[in-house]
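Structure data (compact mmCIF, C-alpha atoms) from coords18.txt:
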# COMPACT_ATOMS: atom_id res chain seq x y z
CA MET A 647 -143.28 -54.42 -79.51
CA LYS A 648 -143.91 -50.91 -80.75
CA PRO A 649 -141.47 -50.08 -83.58
CA THR A 650 -138.74 -47.52 -82.99
CA VAL A 651 -139.58 -44.15 -84.54
CA ILE A 652 -136.85 -41.68 -85.46
CA ALA A 653 -137.40 -38.09 -86.57
CA VAL A 654 -135.77 -37.00 -89.84
CA PRO A 655 -135.91 -33.20 -90.36
CA MET A 656 -135.30 -32.56 -94.05
CA GLY A 657 -132.73 -29.78 -93.52
CA ASP A 658 -132.37 -26.70 -95.67
CA PRO A 659 -135.13 -27.05 -98.28
CA ALA A 660 -132.95 -25.41 -100.94
CA GLY A 661 -130.17 -27.96 -100.46
CA VAL A 662 -129.75 -31.69 -100.95
CA GLY A 663 -131.48 -32.59 -97.68
CA PRO A 664 -134.91 -33.31 -99.17
CA GLU A 665 -133.37 -35.48 -101.90
CA ILE A 666 -131.12 -37.63 -99.73
CA ALA A 667 -133.86 -38.00 -97.11
CA LEU A 668 -136.38 -39.22 -99.67
CA LYS A 669 -133.93 -41.62 -101.29
CA ALA A 670 -132.79 -43.04 -97.96
CA ILE A 671 -136.25 -43.42 -96.46
CA ALA A 672 -137.47 -45.21 -99.61
CA ASP A 673 -134.80 -47.89 -99.08
CA PRO A 674 -136.54 -51.06 -97.79
CA GLU A 675 -133.57 -51.84 -95.50
CA ILE A 676 -134.41 -48.80 -93.39
CA TRP A 677 -137.85 -50.19 -92.64
CA GLU A 678 -136.40 -53.40 -91.25
CA HIS A 679 -135.30 -51.39 -88.20
CA GLY A 680 -138.24 -49.09 -87.49
CA ILE A 681 -140.19 -46.13 -88.81
CA PRO A 682 -138.49 -42.96 -90.11
CA LEU A 683 -140.72 -39.88 -89.83
CA LEU A 684 -139.76 -37.19 -92.33
CA ILE A 685 -140.35 -33.65 -91.04
CA GLY A 686 -140.51 -30.82 -93.54
CA ASP A 687 -142.66 -29.34 -96.25
CA LEU A 688 -144.90 -31.52 -98.35
CA SER A 689 -144.74 -29.00 -101.20
CA VAL A 690 -140.94 -29.24 -101.42
CA LEU A 691 -140.82 -33.00 -100.99
CA THR A 692 -143.49 -33.53 -103.65
CA GLU A 693 -141.61 -31.38 -106.17
CA VAL A 694 -138.24 -32.97 -105.41
CA SER A 695 -139.80 -36.42 -105.70
CA ARG A 696 -141.31 -35.45 -109.06
CA ARG A 697 -138.02 -34.13 -110.41
CA LEU A 698 -136.19 -37.27 -109.29
CA GLY A 699 -138.85 -39.58 -110.68
CA LEU A 700 -139.20 -41.40 -107.37
CA SER A 701 -141.93 -44.02 -107.30
CA ALA A 702 -142.63 -43.89 -103.56
CA GLY A 703 -145.68 -41.92 -102.50
CA LEU A 704 -145.84 -39.45 -99.61
CA HIS A 705 -148.14 -40.21 -96.70
CA VAL A 706 -149.11 -37.16 -94.58
CA VAL A 707 -149.01 -37.91 -90.85
CA GLU A 708 -151.81 -36.34 -88.85
CA ASN A 709 -150.97 -37.90 -85.48
CA PRO A 710 -147.21 -38.19 -84.70
CA SER A 711 -147.94 -40.54 -81.79
CA ALA A 712 -149.26 -43.19 -84.19
CA VAL A 713 -146.98 -43.09 -87.23
CA THR A 714 -147.39 -45.61 -90.01
CA GLY A 715 -145.80 -45.96 -93.40
CA SER A 716 -143.74 -48.12 -95.72
CA PRO A 717 -141.07 -47.80 -98.41
CA ASP A 718 -143.93 -47.10 -100.83
CA ALA A 719 -145.78 -44.65 -98.57
CA LEU A 720 -143.24 -42.40 -96.86
CA PRO A 721 -144.61 -40.70 -93.71
CA VAL A 722 -144.30 -36.91 -93.75
CA LEU A 723 -145.08 -34.44 -90.99
CA ASP A 724 -145.92 -31.34 -93.05
CA LEU A 725 -145.07 -28.03 -91.30
CA ASN A 726 -146.22 -25.98 -94.31
CA MET A 727 -143.42 -23.46 -93.95
CA ILE A 728 -143.19 -23.02 -97.74
CA PRO A 729 -146.71 -23.16 -99.20
CA ASP A 730 -145.60 -21.29 -102.34
CA LEU A 731 -142.64 -22.89 -104.11
CA SER A 732 -142.14 -19.84 -106.29
CA VAL A 733 -140.41 -18.08 -103.37
CA LEU A 734 -137.83 -20.85 -102.92
CA GLN A 735 -134.86 -21.18 -105.27
CA PRO A 736 -132.98 -24.50 -105.12
CA GLY A 737 -129.29 -23.96 -104.50
CA LYS A 738 -129.73 -20.43 -103.15
CA ILE A 739 -129.29 -19.07 -99.64
CA SER A 740 -132.45 -17.54 -98.23
CA ALA A 741 -133.87 -16.42 -94.91
CA LEU A 742 -137.02 -18.47 -95.61
CA ALA A 743 -135.00 -21.67 -95.97
CA GLY A 744 -133.04 -20.88 -92.80
CA LYS A 745 -136.22 -20.27 -90.82
CA ALA A 746 -137.83 -23.43 -92.17
CA SER A 747 -134.84 -25.63 -91.37
CA VAL A 748 -134.92 -24.47 -87.74
CA ALA A 749 -138.66 -25.18 -87.53
CA TYR A 750 -138.14 -28.75 -88.77
CA ILE A 751 -135.46 -29.37 -86.16
CA ARG A 752 -137.54 -27.85 -83.38
CA ARG A 753 -140.42 -30.20 -84.18
CA ALA A 754 -138.02 -33.17 -84.22
CA VAL A 755 -136.74 -32.19 -80.78
CA ASP A 756 -140.30 -31.83 -79.49
CA LEU A 757 -141.13 -35.33 -80.71
CA CYS A 758 -138.10 -36.78 -78.92
CA MET A 759 -138.72 -34.86 -75.70
CA SER A 760 -142.34 -36.04 -75.64
CA GLY A 761 -141.35 -39.66 -76.26
CA MET A 762 -142.97 -39.90 -79.69
CA ALA A 763 -139.56 -40.37 -81.34
CA SER A 764 -136.46 -42.11 -79.98
CA GLY A 765 -133.82 -40.12 -81.83
CA VAL A 766 -133.06 -37.68 -84.62
CA ALA A 767 -131.18 -38.25 -87.88
CA THR A 768 -130.43 -34.86 -89.38
CA THR A 769 -129.82 -33.69 -92.94
CA PRO A 770 -127.65 -30.65 -93.77
CA ILE A 771 -128.51 -27.07 -92.87
CA ASN A 772 -126.75 -23.92 -94.02
CA LYS A 773 -125.06 -21.47 -91.63
CA GLU A 774 -125.50 -18.51 -94.00
CA ALA A 775 -129.22 -19.23 -94.31
CA LEU A 776 -129.52 -19.32 -90.52
CA LYS A 777 -127.78 -15.96 -90.35
CA ALA A 778 -130.07 -14.53 -93.03
CA ALA A 779 -133.05 -15.72 -91.00
CA ARG A 780 -131.56 -14.09 -87.88
CA GLU A 781 -131.65 -17.38 -86.06
CA PRO A 782 -129.36 -17.41 -82.99
CA TYR A 783 -127.55 -20.61 -83.95
CA ILE A 784 -124.41 -21.48 -85.90
CA GLY A 785 -125.24 -25.12 -86.45
CA HIS A 786 -127.10 -28.27 -85.47
CA THR A 787 -125.20 -29.07 -82.29
CA GLU A 788 -125.78 -25.74 -80.60
CA MET A 789 -129.39 -25.69 -81.77
CA LEU A 790 -130.20 -29.15 -80.47
CA ALA A 791 -128.56 -28.47 -77.12
CA ASP A 792 -130.49 -25.23 -76.67
CA MET A 793 -133.84 -26.67 -77.74
CA SER A 794 -133.49 -29.72 -75.50
CA GLY A 795 -132.03 -27.92 -72.50
CA ALA A 796 -128.75 -29.85 -72.62
CA SER A 797 -125.77 -28.07 -71.08
CA LYS A 798 -123.16 -30.00 -73.07
CA SER A 799 -122.96 -32.07 -76.22
CA TYR A 800 -120.16 -34.17 -77.66
CA THR A 801 -119.37 -35.28 -81.21
CA MET A 802 -118.34 -38.82 -82.06
CA PHE A 803 -117.72 -40.27 -85.52
CA ILE A 804 -118.75 -43.87 -86.13
CA VAL A 805 -117.94 -46.03 -89.14
CA ASP A 806 -118.10 -49.80 -88.81
CA ARG A 807 -116.23 -50.70 -85.59
CA LEU A 808 -114.34 -47.42 -85.42
CA ARG A 809 -115.55 -44.76 -82.99
CA ILE A 810 -113.76 -41.41 -82.71
CA LEU A 811 -114.40 -38.78 -80.04
CA PHE A 812 -112.90 -35.36 -80.71
CA HIS A 813 -110.92 -33.58 -78.01
CA SER A 814 -110.96 -30.43 -80.15
CA ARG A 815 -112.53 -29.71 -83.52
CA HIS A 816 -112.81 -26.27 -85.06
CA LEU A 817 -109.43 -24.89 -84.08
CA SER A 818 -106.35 -24.29 -86.20
CA LEU A 819 -103.72 -26.98 -85.74
CA LYS A 820 -101.52 -24.44 -83.97
CA GLN A 821 -104.32 -23.56 -81.56
CA ALA A 822 -105.17 -27.21 -80.96
CA ILE A 823 -101.57 -27.89 -79.91
CA GLU A 824 -101.23 -24.73 -77.85
CA LYS A 825 -104.42 -25.50 -75.95
CA LEU A 826 -103.42 -29.06 -75.00
CA GLU A 827 -103.75 -29.23 -71.22
CA CYS A 828 -103.71 -32.29 -69.01
CA GLY A 829 -106.98 -31.56 -67.22
CA ASP A 830 -108.81 -30.97 -70.49
CA VAL A 831 -107.51 -34.24 -71.96
CA VAL A 832 -108.62 -36.09 -68.81
CA HIS A 833 -112.06 -34.54 -69.29
CA SER A 834 -112.21 -35.80 -72.90
CA ILE A 835 -111.23 -39.30 -71.75
CA GLU A 836 -113.94 -39.16 -69.07
CA THR A 837 -116.42 -38.01 -71.72
CA ALA A 838 -115.47 -40.93 -73.95
CA ALA A 839 -116.11 -43.29 -71.03
CA LYS A 840 -119.54 -41.69 -70.41
CA CYS A 841 -120.44 -41.98 -74.09
CA LEU A 842 -119.57 -45.67 -74.09
CA ALA A 843 -121.47 -46.28 -70.86
CA SER A 844 -124.52 -44.49 -72.30
CA ILE A 845 -124.77 -47.13 -75.04
CA GLY A 846 -124.10 -50.15 -72.82
CA LEU A 847 -120.28 -50.32 -72.88
CA PRO A 848 -119.29 -49.21 -69.36
CA ALA A 849 -115.99 -51.11 -69.45
CA GLY A 850 -115.06 -50.24 -73.02
CA THR A 851 -111.42 -49.64 -73.90
CA ILE A 852 -110.47 -46.06 -74.72
CA ALA A 853 -107.34 -45.20 -76.69
CA LEU A 854 -105.85 -41.71 -76.58
CA ALA A 855 -104.25 -40.80 -79.90
CA ALA A 856 -100.74 -39.39 -79.71
CA LEU A 857 -99.89 -35.98 -81.14
CA ASN A 858 -96.37 -36.49 -82.48
CA PRO A 859 -94.90 -39.16 -84.79
CA HIS A 860 -94.32 -42.44 -82.93
CA ALA A 861 -95.83 -40.80 -79.81
CA SER A 862 -92.64 -38.66 -79.76
CA ASP A 863 -90.25 -41.65 -79.43
CA GLY A 864 -89.31 -40.76 -75.88
CA GLY A 865 -89.02 -37.05 -76.57
CA LEU A 866 -87.21 -37.14 -79.91
CA PHE A 867 -90.14 -35.49 -81.71
CA GLY A 868 -91.73 -33.21 -79.14
CA ASP A 869 -92.60 -33.19 -75.46
CA GLU A 870 -96.42 -33.09 -75.52
CA GLU A 871 -96.71 -36.82 -74.84
CA ALA A 872 -94.50 -36.74 -71.74
CA ARG A 873 -95.71 -33.36 -70.53
CA VAL A 874 -99.48 -33.64 -71.19
CA LEU A 875 -100.76 -36.90 -72.62
CA VAL A 876 -99.07 -39.56 -70.47
CA PRO A 877 -100.04 -37.74 -67.24
CA ALA A 878 -103.61 -37.41 -68.53
CA VAL A 879 -103.83 -41.16 -69.19
CA GLU A 880 -102.45 -41.94 -65.74
CA LYS A 881 -104.89 -39.59 -64.03
CA ALA A 882 -107.80 -41.11 -65.98
CA LYS A 883 -106.66 -44.60 -64.99
CA GLY A 884 -106.63 -43.40 -61.40
CA LYS A 885 -110.31 -42.59 -61.80
CA GLY A 886 -111.00 -46.20 -62.80
CA ILE A 887 -111.26 -45.55 -66.56
CA ASN A 888 -110.08 -48.24 -68.97
CA VAL A 889 -107.77 -46.10 -71.11
CA VAL A 890 -104.48 -46.73 -72.90
CA GLY A 891 -102.02 -44.49 -74.69
CA PRO A 892 -100.97 -42.24 -76.06
CA VAL A 893 -101.02 -44.57 -79.07
CA PRO A 894 -99.28 -43.39 -82.27
CA ALA A 895 -101.87 -41.87 -84.59
CA ASP A 896 -100.59 -43.81 -87.60
CA SER A 897 -101.90 -47.05 -86.05
CA VAL A 898 -104.51 -46.23 -83.41
CA PHE A 899 -107.39 -45.80 -85.86
CA TYR A 900 -106.57 -49.05 -87.64
CA PHE A 901 -106.68 -50.91 -84.33
CA GLY A 902 -109.98 -49.19 -83.56
CA LEU A 903 -111.39 -50.58 -86.80
CA GLN A 904 -110.18 -54.03 -85.79
CA GLY A 905 -112.06 -53.76 -82.50
CA LYS A 906 -109.04 -53.51 -80.21
CA TYR A 907 -110.33 -50.16 -78.91
CA ASP A 908 -113.98 -49.22 -78.39
CA VAL A 909 -113.30 -45.53 -78.96
CA VAL A 910 -110.32 -43.41 -79.96
CA VAL A 911 -109.91 -39.90 -78.56
CA SER A 912 -108.66 -37.72 -81.43
CA LEU A 913 -106.69 -34.65 -80.38
CA TYR A 914 -107.70 -32.40 -83.25
CA HIS A 915 -110.13 -32.11 -86.15
CA ASP A 916 -108.22 -33.57 -89.10
CA GLN A 917 -106.54 -36.32 -87.12
CA GLY A 918 -109.86 -38.11 -86.73
CA HIS A 919 -111.61 -36.85 -89.86
CA ILE A 920 -108.87 -38.05 -92.21
CA ALA A 921 -108.86 -41.50 -90.62
CA SER A 922 -112.60 -42.12 -90.86
CA LYS A 923 -113.24 -40.44 -94.19
CA THR A 924 -110.32 -42.11 -95.92
CA TYR A 925 -111.64 -45.46 -94.74
CA ASP A 926 -115.20 -44.72 -95.93
CA PHE A 927 -116.19 -41.16 -96.77
CA TYR A 928 -119.91 -41.74 -97.29
CA ARG A 929 -120.54 -44.16 -94.46
CA THR A 930 -118.93 -42.05 -91.73
CA VAL A 931 -121.70 -40.91 -89.39
CA SER A 932 -121.56 -38.06 -86.89
CA VAL A 933 -123.22 -38.88 -83.55
CA THR A 934 -124.07 -36.31 -80.89
CA PHE A 935 -123.96 -37.51 -77.27
CA GLY A 936 -124.99 -35.60 -74.15
CA LEU A 937 -128.46 -34.63 -75.39
CA PRO A 938 -131.60 -36.16 -73.82
CA PHE A 939 -131.82 -38.27 -77.02
CA ILE A 940 -129.36 -39.56 -79.59
CA ARG A 941 -128.71 -37.58 -82.73
CA THR A 942 -126.96 -38.85 -85.83
CA SER A 943 -126.10 -36.92 -88.96
CA VAL A 944 -124.53 -36.99 -92.36
CA ASP A 945 -121.11 -35.41 -92.38
CA HIS A 946 -121.49 -33.20 -95.43
CA GLY A 947 -123.10 -29.88 -96.25
CA THR A 948 -126.09 -28.63 -98.21
CA ALA A 949 -124.28 -29.02 -101.58
CA PHE A 950 -126.23 -26.21 -103.21
CA ASP A 951 -124.46 -26.80 -106.52
CA ILE A 952 -126.25 -30.15 -106.99
CA ALA A 953 -129.48 -29.46 -105.08
CA TRP A 954 -132.66 -30.97 -106.58
CA LYS A 955 -130.72 -32.43 -109.52
CA GLY A 956 -131.06 -36.09 -108.59
CA ILE A 957 -127.34 -36.74 -108.24
CA ALA A 958 -126.80 -36.38 -104.49
CA ASN A 959 -125.49 -39.56 -102.86
CA PRO A 960 -127.89 -40.82 -100.13
CA VAL A 961 -125.52 -43.40 -98.61
CA SER A 962 -124.41 -41.14 -95.73
CA MET A 963 -128.03 -40.34 -94.90
CA LYS A 964 -128.96 -44.01 -94.95
CA GLU A 965 -126.06 -44.81 -92.63
CA ALA A 966 -127.04 -41.99 -90.28
CA MET A 967 -130.57 -43.36 -90.05
CA LEU A 968 -129.38 -46.93 -89.52
CA ALA A 969 -127.03 -45.74 -86.78
CA CYS A 970 -129.86 -43.84 -85.12
CA PHE A 971 -132.09 -46.91 -85.16
CA ARG A 972 -129.23 -48.99 -83.75
CA ILE A 973 -128.10 -46.62 -80.98
CA ALA A 974 -131.32 -44.89 -79.86
CA PRO A 975 -132.86 -47.89 -78.04
CA LEU A 976 -129.60 -48.38 -76.09
CA TYR A 977 -128.92 -44.75 -75.24
CA ARG A 978 -129.15 -43.51 -71.69
CA PRO A 979 -128.58 -39.73 -71.38
CA PHE A 980 -125.81 -38.44 -69.12

For the structure just supplied, provide its representation as structure tokens.
Amino acid sequence: MKPTVIAVPMGDPAGVGPEIALKAIADPEIWEHGIPLLIGDLSVLTEVSRRLGLSAGLHVVENPSAVTGSPDALPVLDLNMIPDLSVLQPGKISALAGKASVAYIRRAVDLCMSGMASGVATTPINKEALKAAREPYIGHTEMLADMSGASKSYTMFIVDRLRILFHSRHLSLKQAIEKLECGDVVHSIETAAKCLASIGLPAGTIALAALNPHASDGGLFGDEEARVLVPAVEKAKGKGINVVGPVPADSVFYFGLQGKYDVVVSLYHDQGHIASKTYDFYRTVSVTFGLPFIRTSVDHGTAFDIAWKGIANPVSMKEAMLACFRIAPLYRPF
């Protein structure tokens, strides 16, 4: 069988993306699952590799439809966005870096849309650099959806057996509570069911996290459970979805880790982030569903303060790549 190929855009060239990508791709365990194709600038990758003292060589790919490589000869698709390294300052925001990071991602999307890659594992990009480059995007998710023609995309965290889908993310806690509405929660439960079905778990169990302590203890600690969450669960059940809850948030994520639930719907940003990152900060992987292909990512930023210094931790990048290799062959877009 032809090995699975995943695209790995190296992210903002002035950040830690090139370093963690190189370190992760040089790990022999990665190559047990397929071929990672690094997309970026050979000039940057060569210099970062030199500074880090990495022993692996870089193998320039001429034909993306026939990628080869090994832990000792890392395949690189060179876009030559930064031919002169003197114009790039590690750890500094620049329009050039923002423009380059978008170009890397666009090529990764093209490879997936043409069938030459099965998925994308992304490294960090910088919102300020995108703004400096006058790129019309605020982050990866919006960029990938636009470039692939997807109308919607959904974020799920995965670490070991725990999967977390976010009902809301970048809202204040007050806004997240104020915006709780039964129909919207039903939609998030339906989305969780679609995500599970897209990776071969059509009958997976979904748990809706509660908002208040002890799921409000019958109204002692708030009315959101009785007013919004219980009706949402009942309506979702009426649609044939295997969902339970609301389950108190102090236990639902633990039971997810134990395999009792296939996915937990988190009501707001920190509810799910704290659970997964406290369990294992570096191995928590962000997965984007709803695109024509699967996308996984590290869940940290460009870390300009340690860029190109050889101290960035590659574990999250390795886990993102392993997750991409694992999920991409199963994934069926919805």

Range 692-695 of chain A surroundings by all atoms listed in the file, 12 Å radius, close-in-sequence under 3 positions cut, as an mmCIF file with C-alpha atoms, in the frame of the given file:
data_model
loop_
_atom_site.group_PDB
_atom_site.id
_atom_site.type_symbol
_atom_site.label_atom_id
_atom_site.label_comp_id
_atom_site.auth_asym_id
_atom_site.auth_seq_id
_atom_site.Cartn_x
_atom_site.Cartn_y
_atom_site.Cartn_z
ATOM 1 C CA MET A 656 -135.300 -32.560 -94.050
ATOM 2 C CA PRO A 659 -135.130 -27.050 -98.280
ATOM 3 C CA ALA A 660 -132.950 -25.410 -100.940
ATOM 4 C CA GLY A 661 -130.170 -27.960 -100.460
ATOM 5 C CA VAL A 662 -129.750 -31.690 -100.950
ATOM 6 C CA GLY A 663 -131.480 -32.590 -97.680
ATOM 7 C CA PRO A 664 -134.910 -33.310 -99.170
ATOM 8 C CA GLU A 665 -133.370 -35.480 -101.900
ATOM 9 C CA ILE A 666 -131.120 -37.630 -99.730
ATOM 10 C CA ALA A 667 -133.860 -38.000 -97.110
ATOM 11 C CA LEU A 668 -136.380 -39.220 -99.670
ATOM 12 C CA LYS A 669 -133.930 -41.620 -101.290
ATOM 13 C CA ALA A 672 -137.470 -45.210 -99.610
ATOM 14 C CA GLY A 686 -140.510 -30.820 -93.540
ATOM 15 C CA ASP A 687 -142.660 -29.340 -96.250
ATOM 16 C CA LEU A 688 -144.900 -31.520 -98.350
ATOM 17 C CA SER A 689 -144.740 -29.000 -101.200
ATOM 18 C CA LEU A 698 -136.190 -37.270 -109.290
ATOM 19 C CA GLY A 699 -138.850 -39.580 -110.680
ATOM 20 C CA LEU A 700 -139.200 -41.400 -107.370
ATOM 21 C CA SER A 701 -141.930 -44.020 -107.300
ATOM 22 C CA ALA A 702 -142.630 -43.890 -103.560
ATOM 23 C CA GLY A 703 -145.680 -41.920 -102.500
ATOM 24 C CA LEU A 704 -145.840 -39.450 -99.610
ATOM 25 C CA HIS A 705 -148.140 -40.210 -96.700
ATOM 26 C CA VAL A 706 -149.110 -37.160 -94.580
ATOM 27 C CA LEU A 720 -143.240 -42.400 -96.860
ATOM 28 C CA VAL A 722 -144.300 -36.910 -93.750
ATOM 29 C CA ASP A 724 -145.920 -31.340 -93.050
ATOM 30 C CA ILE A 728 -143.190 -23.020 -97.740
ATOM 31 C CA PRO A 729 -146.710 -23.160 -99.200
ATOM 32 C CA ASP A 730 -145.600 -21.290 -102.340
ATOM 33 C CA LEU A 731 -142.640 -22.890 -104.110
ATOM 34 C CA SER A 732 -142.140 -19.840 -106.290
ATOM 35 C CA LEU A 734 -137.830 -20.850 -102.920
ATOM 36 C CA PRO A 736 -132.980 -24.500 -105.120
ATOM 37 C CA ALA A 953 -129.480 -29.460 -105.080
ATOM 38 C CA TRP A 954 -132.660 -30.970 -106.580
ATOM 39 C CA LYS A 955 -130.720 -32.430 -109.520
ATOM 40 C CA GLY A 956 -131.060 -36.090 -108.590
ATOM 41 C CA ILE A 957 -127.340 -36.740 -108.240
ATOM 42 C CA ALA A 958 -126.800 -36.380 -104.490
#

Env of His860 in chain A: 9 Å cut, atoms = all atoms listed in the file, seq-sep filter 3 positions within chain, self excluded. Answer as a ChimeraX atom specification.
/A:856-857,863-864,867,893-896

Looking at A:Val898, A:Ala746, A:Leu684, A:Leu826, which one is nearest to His813 in chain A, with distances taken over only C-alpha atoms?
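Distance minimum relative to His813 in chain A lands on A:Leu826.
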
Judged by all atoms listed in the file, the minimum distance to Thr801 in chain A among A:Ile845, A:Ile940, A:Ile784, A:Leu819 is found for A:Ile940

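With CA of Ile751 in chain A on one side and CA of Ser711 in chain A on the other, the separation reads 17.3 Å.
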
Long-range neighbours of Gly765 in chain A as a PyMOL selection string, 7 Å cut-off, only C-alpha atoms, 2 positions minimum in chain
chain A and resi 652-653+758+763+767+939-941+970+974

Residue with smallest distance to Ala743 in chain A - pool A:Thr930, A:Ser922, A:Thr948, A:Ser943, counting only C-alpha atoms
A:Thr948

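Using only C-alpha atoms for every distance, the candidate list A:Thr924, A:Ser716, A:Asn772, A:Ser794 yields A:Ser716 as the residue closest to Pro682 in chain A.
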
Here is a test: counting only C-alpha atoms, which residue of A:Gly891, A:Gly905, A:Pro649, A:Gly850 is nearest to Glu678 in chain A?
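Looking only at the distances to Glu678 in chain A, the closest residue turns out to be A:Pro649.
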
Two-atom distance - CA of Gly846 in chain A, CA of Thr942 in chain A (Å):
17.5 Å

Surrounding residues of Phe935 in chain A excluding itself and chain neighbours under 6 positions, 7 Å, all atoms listed in the file, as a ChimeraX atom specification
/A:799-801,841

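With distances restricted to only C-alpha atoms, A:Val748 is the closest residue to Arg780 in chain A from A:Thr714, A:Leu683, A:Val748, A:Lys885.
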
Counting all atoms listed in the file, which residues come within 10 Å of (-116.5, -41.0, -73.6), with the point read in the file's coordinates, and could you list them as an mmCIF file with C-alpha atoms, in the coordinates of the input?
data_model
loop_
_atom_site.group_PDB
_atom_site.id
_atom_site.type_symbol
_atom_site.label_atom_id
_atom_site.label_comp_id
_atom_site.auth_asym_id
_atom_site.auth_seq_id
_atom_site.Cartn_x
_atom_site.Cartn_y
_atom_site.Cartn_z
ATOM 1 C CA TYR A 800 -120.160 -34.170 -77.660
ATOM 2 C CA THR A 801 -119.370 -35.280 -81.210
ATOM 3 C CA MET A 802 -118.340 -38.820 -82.060
ATOM 4 C CA ILE A 810 -113.760 -41.410 -82.710
ATOM 5 C CA LEU A 811 -114.400 -38.780 -80.040
ATOM 6 C CA PHE A 812 -112.900 -35.360 -80.710
ATOM 7 C CA HIS A 833 -112.060 -34.540 -69.290
ATOM 8 C CA SER A 834 -112.210 -35.800 -72.900
ATOM 9 C CA ILE A 835 -111.230 -39.300 -71.750
ATOM 10 C CA GLU A 836 -113.940 -39.160 -69.070
ATOM 11 C CA THR A 837 -116.420 -38.010 -71.720
ATOM 12 C CA ALA A 838 -115.470 -40.930 -73.950
ATOM 13 C CA ALA A 839 -116.110 -43.290 -71.030
ATOM 14 C CA LYS A 840 -119.540 -41.690 -70.410
ATOM 15 C CA CYS A 841 -120.440 -41.980 -74.090
ATOM 16 C CA LEU A 842 -119.570 -45.670 -74.090
ATOM 17 C CA ALA A 843 -121.470 -46.280 -70.860
ATOM 18 C CA SER A 844 -124.520 -44.490 -72.300
ATOM 19 C CA PRO A 848 -119.290 -49.210 -69.360
ATOM 20 C CA GLY A 850 -115.060 -50.240 -73.020
ATOM 21 C CA ILE A 852 -110.470 -46.060 -74.720
ATOM 22 C CA ILE A 887 -111.260 -45.550 -66.560
ATOM 23 C CA ASP A 908 -113.980 -49.220 -78.390
ATOM 24 C CA VAL A 909 -113.300 -45.530 -78.960
ATOM 25 C CA VAL A 910 -110.320 -43.410 -79.960
ATOM 26 C CA VAL A 911 -109.910 -39.900 -78.560
ATOM 27 C CA PHE A 935 -123.960 -37.510 -77.270
#

So which residues touch Ala749 in chain A within 9 Å, counting all atoms listed in the file, skipping near sequence neighbours fewer than 3 positions away, as a PyMOL selection string?
chain A and resi 655+686+725+727+744-746+752-754

Dump of range 847-870 of chain A from preceding block, C-alpha atoms, as a PDB file, in the first residue's frame:
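The result, stored in part35.pdb:
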ATOM      1  CA  LEU A 847     -17.743   6.109  15.423  1.00  0.00           C
ATOM      2  CA  PRO A 848     -21.356   6.690  14.315  1.00  0.00           C
ATOM      3  CA  ALA A 849     -22.803   5.345  17.574  1.00  0.00           C
ATOM      4  CA  GLY A 850     -20.284   6.975  19.897  1.00  0.00           C
ATOM      5  CA  THR A 851     -21.438   8.241  23.276  1.00  0.00           C
ATOM      6  CA  ILE A 852     -21.523  12.014  23.701  1.00  0.00           C
ATOM      7  CA  ALA A 853     -21.501  13.664  27.129  1.00  0.00           C
ATOM      8  CA  LEU A 854     -22.655  17.253  27.581  1.00  0.00           C
ATOM      9  CA  ALA A 855     -20.704  18.975  30.344  1.00  0.00           C
ATOM     10  CA  ALA A 856     -22.766  20.822  32.926  1.00  0.00           C
ATOM     11  CA  LEU A 857     -22.262  24.519  33.597  1.00  0.00           C
ATOM     12  CA  ASN A 858     -22.870  24.783  37.340  1.00  0.00           C
ATOM     13  CA  PRO A 859     -21.414  22.816  40.282  1.00  0.00           C
ATOM     14  CA  HIS A 860     -23.026  19.370  40.586  1.00  0.00           C
ATOM     15  CA  ALA A 861     -25.061  20.177  37.442  1.00  0.00           C
ATOM     16  CA  SER A 862     -26.911  22.716  39.662  1.00  0.00           C
ATOM     17  CA  ASP A 863     -28.157  20.092  42.173  1.00  0.00           C
ATOM     18  CA  GLY A 864     -31.749  20.453  41.067  1.00  0.00           C
ATOM     19  CA  GLY A 865     -31.624  24.228  40.841  1.00  0.00           C
ATOM     20  CA  LEU A 866     -29.673  25.005  44.005  1.00  0.00           C
ATOM     21  CA  PHE A 867     -26.779  26.513  42.033  1.00  0.00           C
ATOM     22  CA  GLY A 868     -28.371  28.036  38.946  1.00  0.00           C
ATOM     23  CA  ASP A 869     -31.081  27.252  36.429  1.00  0.00           C
ATOM     24  CA  GLU A 870     -29.093  26.809  33.193  1.00  0.00           C
TER      25      GLU A 870
END
